[in-house]
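Data first, discussion second: the structure below is written as structure tokens.
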Amino acid sequence: MNQLRLSGSVVQCGEVRHTPAGIPVVELRIQHESVQVEANGQRQVRLAAEAVVIGPLAKMAATLKVDDKVVISGFLAQKSQKNDRLIIHVSELQRTEC
């Protein structure tokens, strides 16, 4: 299984670009902070994650601004065949108030 759901704030939002096939793509960077339970204790978690939005949802992603609050859902994959860094491929995107 490869599913991910993450809330956070937009810290970077790229311009819409298009694949050679004409499909819209927007790259995001999301900052997340929370408290998680680990080994029966609380752990403060802070991370920044790269994400990519491809297809019709990219138009909505292109309207995001820095500091907008979002919840994203999707899956993890390598950035490219030559770059094994993980990136979130967004399949659902919601703006939130907090």
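Residues are referred to by chain and number: the chain letter is A, B, ... according to the order shown in the structure tokens, the number counts from 1 in that chain, and ligands are numbered separately from 1 in the order shown.
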Secondary structure check, strand (DSSP E) residues of chain A, as a PDB file with C-alpha atoms, in the first residue's frame:
ATOM      1  CA  LEU A   4      -0.382   9.468   2.195  1.00  0.00           C
ATOM      2  CA  ARG A   5      -2.467  12.247   3.746  1.00  0.00           C
ATOM      3  CA  LEU A   6      -0.757  15.399   5.017  1.00  0.00           C
ATOM      4  CA  SER A   7      -1.880  18.797   6.255  1.00  0.00           C
ATOM      5  CA  GLY A   8       0.272  21.887   6.268  1.00  0.00           C
ATOM      6  CA  SER A   9       1.074  25.291   4.850  1.00  0.00           C
ATOM      7  CA  VAL A  10       2.255  26.065   1.348  1.00  0.00           C
ATOM      8  CA  VAL A  11       5.822  27.402   1.480  1.00  0.00           C
ATOM      9  CA  GLN A  12       6.466  27.281  -2.272  1.00  0.00           C
ATOM     10  CA  CYS A  13       4.162  27.070  -5.255  1.00  0.00           C
ATOM     11  CA  ARG A  17       4.088  24.123 -16.690  1.00  0.00           C
ATOM     12  CA  HIS A  18       3.038  21.514 -19.214  1.00  0.00           C
ATOM     13  CA  PRO A  24      -0.541  20.763 -16.657  1.00  0.00           C
ATOM     14  CA  VAL A  25       1.897  20.297 -13.753  1.00  0.00           C
ATOM     15  CA  VAL A  26       2.435  22.365 -10.568  1.00  0.00           C
ATOM     16  CA  GLU A  27       5.149  21.686  -8.000  1.00  0.00           C
ATOM     17  CA  LEU A  28       4.536  22.552  -4.324  1.00  0.00           C
ATOM     18  CA  ARG A  29       6.453  22.495  -1.067  1.00  0.00           C
ATOM     19  CA  ILE A  30       4.349  21.905   2.053  1.00  0.00           C
ATOM     20  CA  GLN A  31       5.457  22.616   5.657  1.00  0.00           C
ATOM     21  CA  HIS A  32       3.875  20.342   8.286  1.00  0.00           C
ATOM     22  CA  GLU A  33       3.993  20.526  12.087  1.00  0.00           C
ATOM     23  CA  SER A  34       2.269  18.191  14.538  1.00  0.00           C
ATOM     24  CA  VAL A  35       2.651  16.061  17.629  1.00  0.00           C
ATOM     25  CA  GLN A  36       2.696  12.305  16.999  1.00  0.00           C
ATOM     26  CA  VAL A  37       2.719   9.333  19.347  1.00  0.00           C
ATOM     27  CA  GLU A  38       5.831   7.183  19.102  1.00  0.00           C
ATOM     28  CA  GLY A  41       5.532   9.121  24.031  1.00  0.00           C
ATOM     29  CA  GLN A  42       4.803  12.343  22.236  1.00  0.00           C
ATOM     30  CA  ARG A  43       7.095  13.459  19.457  1.00  0.00           C
ATOM     31  CA  GLN A  44       7.145  16.938  17.942  1.00  0.00           C
ATOM     32  CA  VAL A  45       7.234  16.558  14.150  1.00  0.00           C
ATOM     33  CA  ARG A  46       8.244  19.240  11.686  1.00  0.00           C
ATOM     34  CA  LEU A  47       8.931  18.573   8.018  1.00  0.00           C
ATOM     35  CA  ALA A  48       8.857  20.090   4.576  1.00  0.00           C
ATOM     36  CA  ALA A  49       7.699  17.868   1.737  1.00  0.00           C
ATOM     37  CA  GLU A  50       7.864  18.250  -2.007  1.00  0.00           C
ATOM     38  CA  ALA A  51       4.699  17.524  -3.938  1.00  0.00           C
ATOM     39  CA  VAL A  52       3.601  17.542  -7.551  1.00  0.00           C
ATOM     40  CA  VAL A  53       0.080  18.029  -8.861  1.00  0.00           C
ATOM     41  CA  ILE A  54      -0.571  16.719 -12.372  1.00  0.00           C
ATOM     42  CA  LYS A  69      -3.371  25.905   4.538  1.00  0.00           C
ATOM     43  CA  VAL A  70      -3.990  22.662   2.674  1.00  0.00           C
ATOM     44  CA  VAL A  71      -4.669  18.971   3.112  1.00  0.00           C
ATOM     45  CA  ILE A  72      -3.223  16.775   0.408  1.00  0.00           C
ATOM     46  CA  SER A  73      -3.691  13.082  -0.323  1.00  0.00           C
ATOM     47  CA  GLY A  74      -1.732  10.983  -2.734  1.00  0.00           C
ATOM     48  CA  PHE A  75       1.157   8.571  -2.999  1.00  0.00           C
ATOM     49  CA  LEU A  76       4.952   8.609  -2.814  1.00  0.00           C
ATOM     50  CA  ALA A  77       7.165   8.028  -5.832  1.00  0.00           C
ATOM     51  CA  GLN A  78      10.686   8.780  -7.000  1.00  0.00           C
ATOM     52  CA  LEU A  86      10.756  10.881  -2.794  1.00  0.00           C
ATOM     53  CA  ILE A  87       8.003  13.263  -3.837  1.00  0.00           C
ATOM     54  CA  ILE A  88       4.274  13.250  -3.081  1.00  0.00           C
ATOM     55  CA  HIS A  89       2.058  12.853  -6.145  1.00  0.00           C
ATOM     56  CA  VAL A  90      -1.148  14.646  -5.157  1.00  0.00           C
ATOM     57  CA  SER A  91      -4.479  13.059  -6.108  1.00  0.00           C
ATOM     58  CA  GLU A  92      -6.651  15.161  -3.760  1.00  0.00           C
ATOM     59  CA  LEU A  93      -6.146  18.760  -2.641  1.00  0.00           C
ATOM     60  CA  GLN A  94      -8.226  20.833  -0.229  1.00  0.00           C
ATOM     61  CA  ARG A  95      -7.752  24.348   1.094  1.00  0.00           C
ATOM     62  CA  THR A  96      -8.449  24.557   4.811  1.00  0.00           C
TER      63      THR A  96
END
Can you check which residues of region 3-96 of chain A DSSP gives as helix (DSSP H, G or I) on the backbone and send them as a PyMOL selection string?
chain A and resi 57-61
Hey, can you spit out that residue selection with N, CA and C atoms as a tab-separated table (two decimals), in the first residue's frame?
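File written: result_0.tsv
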chain	number	residue	atom	x	y	z
A	57	LEU	N	-6.28	18.89	-11.59
A	57	LEU	CA	-6.11	19.44	-10.24
A	57	LEU	C	-4.99	20.49	-10.19
A	58	ALA	N	-4.10	20.48	-11.17
A	58	ALA	CA	-2.99	21.45	-11.22
A	58	ALA	C	-3.52	22.88	-11.37
A	59	LYS	N	-4.65	23.05	-12.05
A	59	LYS	CA	-5.21	24.40	-12.21
A	59	LYS	C	-5.59	24.98	-10.85
A	60	MET	N	-6.18	24.16	-9.98
A	60	MET	CA	-6.52	24.62	-8.63
A	60	MET	C	-5.24	24.87	-7.84
A	61	ALA	N	-4.26	23.99	-7.96
A	61	ALA	CA	-3.01	24.15	-7.23
A	61	ALA	C	-2.31	25.45	-7.62
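Take CA of Glu15 (chain A) and CA of Lys65 (chain A): the distance between them is 11.0 Å.
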